[in-house]
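Asker: Let me give you the structure first, and then I'll get to my questions.
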2 protein chains.
Amino acid sequence: MIWNEELSERKMQILRTLIDDYIKTAQPIGSRTISRKHALGVSSATIRNEMADLEDMGYISQPHTSAGRIPSDKGYRFYVDHLMQIHELQHDEIKKIRDAIEVKINEINTLVHCASDIISTFTGYASIALPPNLNKAILKSVQVLSIDEKRVLVVAVTSGGVVNNQVVRIGFEPDQGTLKILSNYLHEKVNGLIIGRIKFPPVDEIRKETGAPVELIIAVIEGLKQCLQDIDESALIMNGITNLLNHPEFNDLPKVKEVFELLNDQGIIKELLNSAMNKEGLNFQIGSENENEVMRDCTLVTTVYSVGETELGTFGILGPTRMSYSRVFSTISYIRKLINSEILRILNDE
Amino acid sequence: MIWNEELSERKMQILRTLIDDYIKTAQPIGSRTISRKHALGVSSATIRNEMADLEDMGYISQPHTSAGRIPSDKGYRFYVDHLMQIHELQHDEIKKIRDAIEVKINEINTLVHCASDIISTFTGYASIALPPNLNKAILKSVQVLSIDEKRVLVVAVTSGGVVNNQVVRIGFEPDQGTLKILSNYLHEKVNGLIIGRIKFPPVDEIRKETGAPVELIIAVIEGLKQCLQDIDESALIMNGITNLLNHPEFNDLPKVKEVFELLNDQGIIKELLNSAMNKEGLNFQIGSENENEVMRDCTLVTTVYSVGETELGTFGILGPTRMSYSRVFSTISYIRKLINSEILRILNDE
DNA sequence: GATTAGCACTCGATTAAAGGGAGTGCTAAC
DNA sequence: GTTAGCACTCCCTTTAATCGAGTGCTAATC
């Protein structure tokens, strides 16, 4: 156990026991309960004194006089940083996760969806994720093909292996040859560029170079832009929101409403997840550490998935502050590792 | 007003007033309330007698002695079939809906998503929809194209205008010529067939005909099957589930949990929606008319969207039985019309 | 000085009783 | 057939009483 200048060994043990217990039972923990579970063999009165100290220091608090203690956000923070004991996942659990994710997924978007789903069912909390951010990625290939008399399909592939496509409609049947020329032209022009910085040539120039009709060019460029749209506009991935209802802290309808409405606001959630970018490892935002008032009783655990050094997106778990941190830690860590290696597999070390 | 052998004109007026009022207030309605709102000029005692009759006939009921009356499911049914007065949407409302849906959407799946979203925000209930059912559609075009060293994209277009695609991964870089040949071959083989009945030629035969490597053929066929997968496996569209929390009938947490869990079970919901297929116009399933016990306090309003004679999918609204039927009616009717015409526009009368 | 037993005290949670009020059904008069 | 009047019912809210888990403090003990 890590030594701390403020807390004695015993205080830390008490704090850990209390938090472990509270996470299990969701009930305030009294001194007697701790003294029983605590092999140290001190009486409840001693524990009481220690607990009074811990409360003074802000690690725990009382819902009201004559109730036991519950951890404060500061307490959880200390627990997460120093006290909690990580149990590795069981073999059968690992197998379950692998079976769910290591199916034949060949596209990163789908992979993240799938992972998000598994996270929520596996932990019993809500899972949220950002799809791969295209802005920093490199555009690898553009193709334009006709799908019927009036529509063409624009396909964009990024270096990160994300495949997006968009149907665009034009008022006439495009000539196959022209389409091919336009497709090649666009590919040559933007291939290899960082997506966020792509500037398309003026329509007029494209027309001159390719001989394609203006209407077609405008439509295709528009479709391509849609494919490459920034993360701000792409859909957020969410799973298992209703799981939250199974936890006693969400037995309060107004609160449920509040949180659900917050979750409906994609903008806010994306910002939350985005702020986790550039942070290494797992990022815990516990209770009041969240800026948003509505999240004061929630903890958001996030981490980044990436291909090599390039961060692609974020995923994480949302649950009550009284969350099974140790289990969340091992689950997220494992899935993060798995996602990253799956992405590499999809891209085949390219 | 339609004459009914069981109910006198006055009883119907009373029933209508009662239901209109109850839909607005969510409170049991007493005889005095009705006699005041009712210009007919009969006393509350008379209304009381009539109400006693209506209760005997099963149209209304009392939550308990000494409370007012609330409509029974039978009452709502009669209301929907005979009593409710449809108010056409206001011009500004119509404008709002058109603005939201008539954006440049060129693909039916996206259109349905968008419509579902508008329905839920516009009505304040939950919206659910089935994406276009491919099983009965005709496959119009198949294309296979390479997107990077190890992956190819399979694109399928149906006569209904739905475009699906799937990334498949193979262990080597495919030869462009071979890909083109395979693409053309598959297109020739399945183009024009009803999707549900497509049988692909044996791999061996394809290999002989196209000279493509077995691994590539297997992967592409698999991807194509994914594109054409049955509705059973395609994702359900849902929006505004949390809207339900705004209605007093969902002030009961166990019930909320129950309903939300039901909604999480895609299989059940799909079946519900599917059963609405082949029914003309708007289909109301009121309270206990729903087979599922959990839905006993909900009403599901569904309708079909189609291209010409071919039904593509279903969409609808889920809300409490005490739902604003008249508003739901006009909204859904209008959006249905709009979707159908938008689909035609996308397909441009083909 | 640290620990512990003992005990009065606090305060939420649960249960019980009482009062208020909305709405009914019935009866008798119109 | 309609209506005024009235006793009655039953939910809802408020108030009071009781219970009990857990605390803080004090004084004795190690």
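Please note that chains go A, B, ... in the order of the structure tokens, that every chain numbers its residues from 1, and that ligands are numbered from 1 in the order shown.
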Run DSSP on the backbone and tell me which residues of stretch 116-175 of chain B come out as alpha helix (DSSP H); list them as number ranges by chain.
Answerer: B: 116-123
Asker: Keeping only N, CA and C atoms, write those residues as a compact mmCIF listing (two decimals), in the first residue's frame.
Answerer:
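Just written: out.txt:
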# COMPACT_ATOMS: atom_id res chain seq x y z
N SER B 116 -38.05 9.40 -38.01
CA SER B 116 -38.27 8.90 -36.66
C SER B 116 -37.90 9.96 -35.63
N ASP B 117 -36.80 10.61 -35.88
CA ASP B 117 -36.35 11.66 -34.98
C ASP B 117 -37.37 12.78 -34.88
N ILE B 118 -37.84 13.21 -36.01
CA ILE B 118 -38.81 14.30 -36.04
C ILE B 118 -40.10 13.90 -35.33
N ILE B 119 -40.53 12.68 -35.55
CA ILE B 119 -41.77 12.23 -34.92
C ILE B 119 -41.68 12.33 -33.41
N SER B 120 -40.57 11.89 -32.86
CA SER B 120 -40.48 11.88 -31.40
C SER B 120 -40.39 13.30 -30.85
N THR B 121 -39.58 14.14 -31.48
CA THR B 121 -39.50 15.49 -30.93
C THR B 121 -40.81 16.24 -31.14
N PHE B 122 -41.49 15.90 -32.19
CA PHE B 122 -42.69 16.66 -32.52
C PHE B 122 -43.88 16.25 -31.65
N THR B 123 -43.99 14.99 -31.33
CA THR B 123 -45.14 14.54 -30.56
C THR B 123 -44.85 14.48 -29.07
Asker: Give one line per residue of chain B that approaches chain C to at most 12 Å, naming the two atoms of the closest pair and their distance in Å to one decimal, counting only C-alpha atoms (C1' of nucleotides); sort by chain then ascending residue number and deliver it as CSV.
Answerer:
residue,atom,partner,partner_atom,distance
B:Gln27,CA,C:DA22,C1',11.8
B:Pro28,CA,C:DG23,C1',10.0
B:Ile29,CA,C:DG23,C1',9.3
B:Gly30,CA,C:DG23,C1',6.4
B:Ser31,CA,C:DG23,C1',7.9
B:Arg32,CA,C:DG23,C1',8.7
B:Thr33,CA,C:DG23,C1',10.5
B:Ser44,CA,C:DG23,C1',10.8
B:Ala45,CA,C:DG25,C1',10.0
B:Ile47,CA,C:DT24,C1',11.7
B:Arg48,CA,C:DT24,C1',8.2
B:Asn49,CA,C:DG25,C1',9.2
B:Met51,CA,C:DT24,C1',10.7
B:Ala52,CA,C:DG25,C1',9.4
B:Gln62,CA,C:DT24,C1',10.2
B:Pro63,CA,C:DG23,C1',11.7
B:His64,CA,C:DT24,C1',10.1
B:Thr65,CA,C:DT24,C1',6.8
B:Ser66,CA,C:DG23,C1',4.5
B:Ala67,CA,C:DG23,C1',5.4
B:Gly68,CA,C:DG23,C1',6.1
B:Arg69,CA,C:DG23,C1',9.5
Asker: Keeping only N, CA and C atoms, take the residues you just selected and write them out as a PDB file, in the first residue's frame.
Answerer:
ATOM      1  N   GLN B  27     -56.195  13.622 -14.949  1.00  0.00           N
ATOM      2  CA  GLN B  27     -56.920  13.438 -13.691  1.00  0.00           C
ATOM      3  C   GLN B  27     -58.272  12.799 -13.977  1.00  0.00           C
ATOM      4  N   PRO B  28     -58.725  11.930 -13.082  1.00  0.00           N
ATOM      5  CA  PRO B  28     -60.084  11.392 -13.230  1.00  0.00           C
ATOM      6  C   PRO B  28     -61.080  12.540 -13.330  1.00  0.00           C
ATOM      7  N   ILE B  29     -62.050  12.382 -14.191  1.00  0.00           N
ATOM      8  CA  ILE B  29     -62.995  13.467 -14.455  1.00  0.00           C
ATOM      9  C   ILE B  29     -64.320  13.189 -13.740  1.00  0.00           C
ATOM     10  N   GLY B  30     -64.786  14.178 -12.979  1.00  0.00           N
ATOM     11  CA  GLY B  30     -66.047  14.029 -12.246  1.00  0.00           C
ATOM     12  C   GLY B  30     -67.221  14.575 -13.033  1.00  0.00           C
ATOM     13  N   SER B  31     -68.406  14.252 -12.549  1.00  0.00           N
ATOM     14  CA  SER B  31     -69.610  14.658 -13.277  1.00  0.00           C
ATOM     15  C   SER B  31     -69.750  16.176 -13.316  1.00  0.00           C
ATOM     16  N   ARG B  32     -69.364  16.814 -12.255  1.00  0.00           N
ATOM     17  CA  ARG B  32     -69.501  18.272 -12.204  1.00  0.00           C
ATOM     18  C   ARG B  32     -68.619  18.945 -13.259  1.00  0.00           C
ATOM     19  N   THR B  33     -67.405  18.450 -13.377  1.00  0.00           N
ATOM     20  CA  THR B  33     -66.495  19.012 -14.388  1.00  0.00           C
ATOM     21  C   THR B  33     -67.121  18.944 -15.769  1.00  0.00           C
ATOM     22  N   SER B  44     -75.273  17.986 -13.133  1.00  0.00           N
ATOM     23  CA  SER B  44     -74.279  16.958 -12.854  1.00  0.00           C
ATOM     24  C   SER B  44     -74.942  15.634 -12.480  1.00  0.00           C
ATOM     25  N   ALA B  45     -76.103  15.715 -11.904  1.00  0.00           N
ATOM     26  CA  ALA B  45     -76.790  14.481 -11.521  1.00  0.00           C
ATOM     27  C   ALA B  45     -77.140  13.651 -12.748  1.00  0.00           C
ATOM     28  N   ILE B  47     -75.595  13.815 -15.654  1.00  0.00           N
ATOM     29  CA  ILE B  47     -74.324  13.290 -16.146  1.00  0.00           C
ATOM     30  C   ILE B  47     -73.929  12.056 -15.335  1.00  0.00           C
ATOM     31  N   ARG B  48     -74.165  12.147 -14.032  1.00  0.00           N
ATOM     32  CA  ARG B  48     -73.790  11.026 -13.172  1.00  0.00           C
ATOM     33  C   ARG B  48     -74.491   9.754 -13.595  1.00  0.00           C
ATOM     34  N   ASN B  49     -75.784   9.907 -13.873  1.00  0.00           N
ATOM     35  CA  ASN B  49     -76.529   8.728 -14.321  1.00  0.00           C
ATOM     36  C   ASN B  49     -75.952   8.170 -15.620  1.00  0.00           C
ATOM     37  N   MET B  51     -73.033   8.549 -16.740  1.00  0.00           N
ATOM     38  CA  MET B  51     -71.706   7.991 -16.515  1.00  0.00           C
ATOM     39  C   MET B  51     -71.787   6.594 -15.906  1.00  0.00           C
ATOM     40  N   ALA B  52     -72.768   6.425 -15.034  1.00  0.00           N
ATOM     41  CA  ALA B  52     -72.956   5.094 -14.450  1.00  0.00           C
ATOM     42  C   ALA B  52     -73.250   4.090 -15.562  1.00  0.00           C
ATOM     43  N   GLN B  62     -63.827   3.668 -12.707  1.00  0.00           N
ATOM     44  CA  GLN B  62     -63.390   4.457 -11.569  1.00  0.00           C
ATOM     45  C   GLN B  62     -62.123   3.870 -10.983  1.00  0.00           C
ATOM     46  N   PRO B  63     -61.121   4.668 -10.765  1.00  0.00           N
ATOM     47  CA  PRO B  63     -59.936   4.159 -10.074  1.00  0.00           C
ATOM     48  C   PRO B  63     -60.319   3.667  -8.682  1.00  0.00           C
ATOM     49  N   HIS B  64     -61.273   4.325  -8.056  1.00  0.00           N
ATOM     50  CA  HIS B  64     -61.813   3.908  -6.759  1.00  0.00           C
ATOM     51  C   HIS B  64     -63.103   4.662  -6.534  1.00  0.00           C
ATOM     52  N   THR B  65     -63.926   4.172  -5.628  1.00  0.00           N
ATOM     53  CA  THR B  65     -65.133   4.931  -5.283  1.00  0.00           C
ATOM     54  C   THR B  65     -64.707   6.344  -4.937  1.00  0.00           C
ATOM     55  N   SER B  66     -65.539   7.263  -5.178  1.00  0.00           N
ATOM     56  CA  SER B  66     -65.284   8.652  -4.812  1.00  0.00           C
ATOM     57  C   SER B  66     -64.166   9.297  -5.617  1.00  0.00           C
ATOM     58  N   ALA B  67     -63.825   8.673  -6.729  1.00  0.00           N
ATOM     59  CA  ALA B  67     -62.964   9.383  -7.672  1.00  0.00           C
ATOM     60  C   ALA B  67     -63.785   9.609  -8.923  1.00  0.00           C
ATOM     61  N   GLY B  68     -63.315  10.451  -9.802  1.00  0.00           N
ATOM     62  CA  GLY B  68     -63.998  10.627 -11.073  1.00  0.00           C
ATOM     63  C   GLY B  68     -63.794   9.411 -11.949  1.00  0.00           C
ATOM     64  N   ARG B  69     -64.166   9.496 -13.207  1.00  0.00           N
ATOM     65  CA  ARG B  69     -64.009   8.373 -14.130  1.00  0.00           C
ATOM     66  C   ARG B  69     -62.819   8.591 -15.044  1.00  0.00           C
TER      67      ARG B  69
END
Asker: Identify every residue of chain A that has at least one atom within 7 Å of any atom of chain B, counting only C-alpha atoms, and report the result as a PyMOL selection string.
Answerer: chain A and resi 106-107+141+147+157+167-169+242+245+253+257+260
Asker: Show me, as an MDAnalysis selection string, the residues that have an atom within 7 Å of stretch 299-316 of chain A when counting only C-alpha atoms (C1' of nucleotides), minus same-chain residues fewer than 3 positions from it.
Answerer: chainID A and resid 127:133 273 276:277 281:287 319:321 336 339:340 343:344
Asker: If DSSP is run on the backbone, what residues of stretch 112-285 of chain A are strand (DSSP E or B)? A reply as a ChimeraX atom specification would be ideal.
Answerer: /A:126-129,138-148,151-158,163-169,194,237-239,283-285
Asker: May I have the residues from that selection written out with N, CA and C atoms, as a short mmCIF file (atom, residue, chain, number, x, y, z; two decimals), in the first residue's frame?
Answerer:
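Everything below was put into again-v2.cif:
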data_model
loop_
_atom_site.label_atom_id
_atom_site.label_comp_id
_atom_site.auth_asym_id
_atom_site.auth_seq_id
_atom_site.Cartn_x
_atom_site.Cartn_y
_atom_site.Cartn_z
N ALA A 126 -23.75 2.21 -18.12
CA ALA A 126 -23.95 2.71 -19.48
C ALA A 126 -22.60 2.86 -20.17
N SER A 127 -22.62 2.68 -21.45
CA SER A 127 -21.38 2.82 -22.20
C SER A 127 -21.55 3.90 -23.26
N ILE A 128 -20.56 4.76 -23.38
CA ILE A 128 -20.59 5.77 -24.43
C ILE A 128 -19.26 5.78 -25.16
N ALA A 129 -19.30 6.12 -26.41
CA ALA A 129 -18.07 6.10 -27.20
C ALA A 129 -18.14 7.10 -28.34
N ILE A 138 -5.62 10.57 -42.28
CA ILE A 138 -5.21 10.85 -43.65
C ILE A 138 -6.15 10.16 -44.61
N LEU A 139 -6.58 10.87 -45.61
CA LEU A 139 -7.47 10.30 -46.60
C LEU A 139 -6.67 9.41 -47.54
N LYS A 140 -7.13 8.21 -47.66
CA LYS A 140 -6.31 7.26 -48.41
C LYS A 140 -6.86 6.99 -49.80
N SER A 141 -8.16 7.04 -49.89
CA SER A 141 -8.73 6.69 -51.19
C SER A 141 -10.12 7.28 -51.35
N VAL A 142 -10.41 7.73 -52.54
CA VAL A 142 -11.74 8.24 -52.86
C VAL A 142 -12.22 7.50 -54.10
N GLN A 143 -13.45 7.04 -54.08
CA GLN A 143 -14.00 6.42 -55.28
C GLN A 143 -15.42 6.90 -55.50
N VAL A 144 -15.76 7.06 -56.73
CA VAL A 144 -17.11 7.48 -57.08
C VAL A 144 -17.67 6.43 -58.02
N LEU A 145 -18.83 5.87 -57.70
CA LEU A 145 -19.39 4.91 -58.64
C LEU A 145 -20.89 5.09 -58.77
N SER A 146 -21.40 4.73 -59.90
CA SER A 146 -22.82 4.95 -60.13
C SER A 146 -23.60 3.77 -59.59
N ILE A 147 -24.72 4.05 -58.91
CA ILE A 147 -25.52 2.95 -58.40
C ILE A 147 -26.84 2.80 -59.12
N ASP A 148 -27.40 3.87 -59.61
CA ASP A 148 -28.52 3.70 -60.52
C ASP A 148 -28.64 4.92 -61.42
N ARG A 151 -28.29 8.19 -59.24
CA ARG A 151 -27.53 8.33 -58.01
C ARG A 151 -26.12 7.76 -58.14
N VAL A 152 -25.23 8.39 -57.44
CA VAL A 152 -23.88 7.84 -57.39
C VAL A 152 -23.47 7.69 -55.92
N LEU A 153 -22.54 6.78 -55.70
CA LEU A 153 -22.05 6.52 -54.35
C LEU A 153 -20.63 7.04 -54.25
N VAL A 154 -20.39 7.82 -53.19
CA VAL A 154 -19.04 8.31 -52.95
C VAL A 154 -18.47 7.53 -51.78
N VAL A 155 -17.31 6.93 -51.96
CA VAL A 155 -16.69 6.14 -50.90
C VAL A 155 -15.36 6.76 -50.54
N ALA A 156 -15.14 6.92 -49.23
CA ALA A 156 -13.86 7.47 -48.77
C ALA A 156 -13.26 6.50 -47.77
N VAL A 157 -11.96 6.25 -47.92
CA VAL A 157 -11.26 5.36 -47.00
C VAL A 157 -10.13 6.15 -46.36
N THR A 158 -10.01 6.05 -45.05
CA THR A 158 -8.94 6.77 -44.38
C THR A 158 -7.79 5.83 -44.05
N VAL A 163 -14.09 3.36 -43.23
CA VAL A 163 -14.72 3.46 -44.54
C VAL A 163 -16.04 4.19 -44.39
N ASN A 164 -16.18 5.33 -45.00
CA ASN A 164 -17.46 6.03 -44.99
C ASN A 164 -17.98 6.15 -46.41
N ASN A 165 -19.28 6.23 -46.53
CA ASN A 165 -19.81 6.45 -47.86
C ASN A 165 -21.10 7.22 -47.81
N GLN A 166 -21.46 7.75 -48.93
CA GLN A 166 -22.59 8.65 -48.98
C GLN A 166 -23.22 8.56 -50.37
N VAL A 167 -24.55 8.49 -50.35
CA VAL A 167 -25.25 8.46 -51.63
C VAL A 167 -25.56 9.88 -52.04
N VAL A 168 -25.26 10.24 -53.27
CA VAL A 168 -25.67 11.56 -53.73
C VAL A 168 -26.52 11.40 -55.00
N ARG A 169 -27.38 12.34 -55.17
CA ARG A 169 -28.32 12.24 -56.25
C ARG A 169 -28.06 13.35 -57.26
N ILE A 194 -4.26 15.32 -44.90
CA ILE A 194 -4.93 15.26 -43.61
C ILE A 194 -6.35 15.77 -43.79
N ILE A 237 -21.99 7.05 -29.93
CA ILE A 237 -22.38 5.67 -29.69
C ILE A 237 -22.76 5.50 -28.22
N MET A 238 -23.93 4.95 -27.97
CA MET A 238 -24.39 4.77 -26.59
C MET A 238 -25.02 3.41 -26.42
N ASN A 239 -24.79 2.83 -25.30
CA ASN A 239 -25.41 1.53 -25.02
C ASN A 239 -25.73 1.39 -23.55
N ASN A 283 -9.06 7.34 -17.40
CA ASN A 283 -9.33 8.65 -16.87
C ASN A 283 -10.63 8.58 -16.08
N PHE A 284 -10.53 8.80 -14.76
CA PHE A 284 -11.73 8.75 -13.91
C PHE A 284 -12.20 10.16 -13.61
N GLN A 285 -13.47 10.42 -13.89
CA GLN A 285 -14.04 11.69 -13.45
C GLN A 285 -15.14 11.37 -12.45
#
Asker: What's the 10 Å shell around stretch 289-292 of chain B, counting only C-alpha atoms (C1' of nucleotides), without same-chain residues fewer than 6 positions away, as a list of chain:residue names?
Answerer: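 Listed by chain and then number, they are B:Asp73, B:Lys74, B:Arg77, B:Leu262, B:Ile268, B:Leu272, B:Cys298, B:Thr299, B:Leu300.
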Asker: Using the selection just defined, write its residues with N, CA and C atoms as a compact mmCIF listing (two decimals), in the first residue's frame.
Answerer:
# COMPACT_ATOMS: atom_id res chain seq x y z
N ASP B 73 -59.85 1.00 -21.91
CA ASP B 73 -59.30 0.78 -23.25
C ASP B 73 -60.41 0.74 -24.29
N LYS B 74 -61.54 0.15 -23.88
CA LYS B 74 -62.68 0.13 -24.80
C LYS B 74 -63.15 1.54 -25.11
N ARG B 77 -60.79 3.08 -27.52
CA ARG B 77 -61.01 2.48 -28.83
C ARG B 77 -62.17 3.15 -29.54
N LEU B 262 -38.34 -3.75 -21.95
CA LEU B 262 -39.03 -4.29 -23.11
C LEU B 262 -38.50 -3.65 -24.38
N ILE B 268 -38.75 -8.43 -29.71
CA ILE B 268 -40.16 -8.21 -29.40
C ILE B 268 -40.70 -7.00 -30.14
N LEU B 272 -43.71 -6.64 -32.91
CA LEU B 272 -44.83 -5.70 -32.77
C LEU B 272 -45.01 -4.88 -34.04
N CYS B 298 -49.82 1.24 -22.48
CA CYS B 298 -49.25 1.99 -23.59
C CYS B 298 -50.11 1.84 -24.84
N THR B 299 -50.00 2.81 -25.70
CA THR B 299 -50.61 2.67 -27.01
C THR B 299 -49.52 2.76 -28.07
N LEU B 300 -49.62 1.87 -29.03
CA LEU B 300 -48.68 1.87 -30.13
C LEU B 300 -49.44 2.23 -31.40
Asker: Select all residues from chain D having any atom no more than 9 Å from an atom of chain A (counting only C-alpha atoms (C1' of nucleotides), ignoring ligands), output as a VMD selection string.
Answerer: chain D and resid 21 to 24
Asker: Any chance you could export the current selection's N, CA and C atoms (P, O5', C5', C4', C3', O3' and C1' of nucleotides) as a PDB file, in the first residue's frame?
Answerer:
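Writing the result to result36.pdb gives the following:
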ATOM      1  P    DA D  21     -31.203  -1.935  14.837  1.00  0.00           P
ATOM      2  O5'  DA D  21     -30.122  -1.396  13.793  1.00  0.00           O
ATOM      3  C5'  DA D  21     -30.563  -0.702  12.616  1.00  0.00           C
ATOM      4  C4'  DA D  21     -29.688   0.512  12.418  1.00  0.00           C
ATOM      5  C3'  DA D  21     -28.215   0.286  12.758  1.00  0.00           C
ATOM      6  O3'  DA D  21     -27.418   0.851  11.742  1.00  0.00           O
ATOM      7  C1'  DA D  21     -29.049   2.123  13.992  1.00  0.00           C
ATOM      8  P    DG D  22     -25.861   0.596  11.720  1.00  0.00           P
ATOM      9  O5'  DG D  22     -25.331   1.936  12.354  1.00  0.00           O
ATOM     10  C5'  DG D  22     -25.566   3.159  11.674  1.00  0.00           C
ATOM     11  C4'  DG D  22     -25.086   4.280  12.545  1.00  0.00           C
ATOM     12  C3'  DG D  22     -23.692   4.034  13.133  1.00  0.00           C
ATOM     13  O3'  DG D  22     -22.808   5.069  12.751  1.00  0.00           O
ATOM     14  C1'  DG D  22     -25.212   4.767  14.797  1.00  0.00           C
ATOM     15  P    DT D  23     -21.310   5.128  13.232  1.00  0.00           P
ATOM     16  O5'  DT D  23     -21.241   6.542  13.948  1.00  0.00           O
ATOM     17  C5'  DT D  23     -22.017   7.624  13.440  1.00  0.00           C
ATOM     18  C4'  DT D  23     -22.302   8.605  14.559  1.00  0.00           C
ATOM     19  C3'  DT D  23     -21.053   8.998  15.334  1.00  0.00           C
ATOM     20  O3'  DT D  23     -20.727  10.348  15.071  1.00  0.00           O
ATOM     21  C1'  DT D  23     -22.874   8.448  16.808  1.00  0.00           C
ATOM     22  P    DG D  24     -19.273  10.865  15.339  1.00  0.00           P
ATOM     23  O5'  DG D  24     -19.410  11.587  16.752  1.00  0.00           O
ATOM     24  C5'  DG D  24     -20.460  12.504  16.979  1.00  0.00           C
ATOM     25  C4'  DG D  24     -20.470  12.900  18.443  1.00  0.00           C
ATOM     26  C3'  DG D  24     -19.090  13.202  19.019  1.00  0.00           C
ATOM     27  O3'  DG D  24     -19.205  14.317  19.900  1.00  0.00           O
ATOM     28  C1'  DG D  24     -20.051  11.380  20.210  1.00  0.00           C
TER      29       DG D  24
END
Asker: Between atom CA of A:Ile217 and atom CA of A:Ala235, what is the spacing in Å?
Answerer: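 Atom CA of A:Ala235 sits 26.6 Å away from atom CA of A:Ile217.
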Asker: Counting only C-alpha atoms (C1' of nucleotides), what is within 12 Å of A:Lys24, bar same-chain residues fewer than 6 positions away, as an NGL selection string?
Answerer: :A and (17-18 or 247-248 or 322-327)
Asker: Would you mind exporting C-alpha atoms of the selected residues as a tab-separated table (two decimals), in the first residue's frame?
Answerer:
chain	number	residue	atom	x	y	z
A	17	THR	CA	-12.99	-1.44	3.89
A	18	LEU	CA	-15.65	1.22	4.11
A	247	HIS	CA	-28.73	0.99	-9.45
A	248	PRO	CA	-30.33	2.40	-6.32
A	322	ARG	CA	-20.69	4.28	-6.18
A	323	MET	CA	-19.34	2.22	-9.00
A	324	SER	CA	-17.43	-0.99	-8.87
A	325	TYR	CA	-14.19	0.76	-9.70
A	326	SER	CA	-12.00	-2.27	-9.57
A	327	ARG	CA	-14.16	-4.21	-11.97
Asker: Mind giving me the straight-line distance from atom CA of A:Glu55 to atom CA of A:Glu293 in Å, one decimal?
Answerer: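 Distance reported for this atom pair: 23.4 Å.
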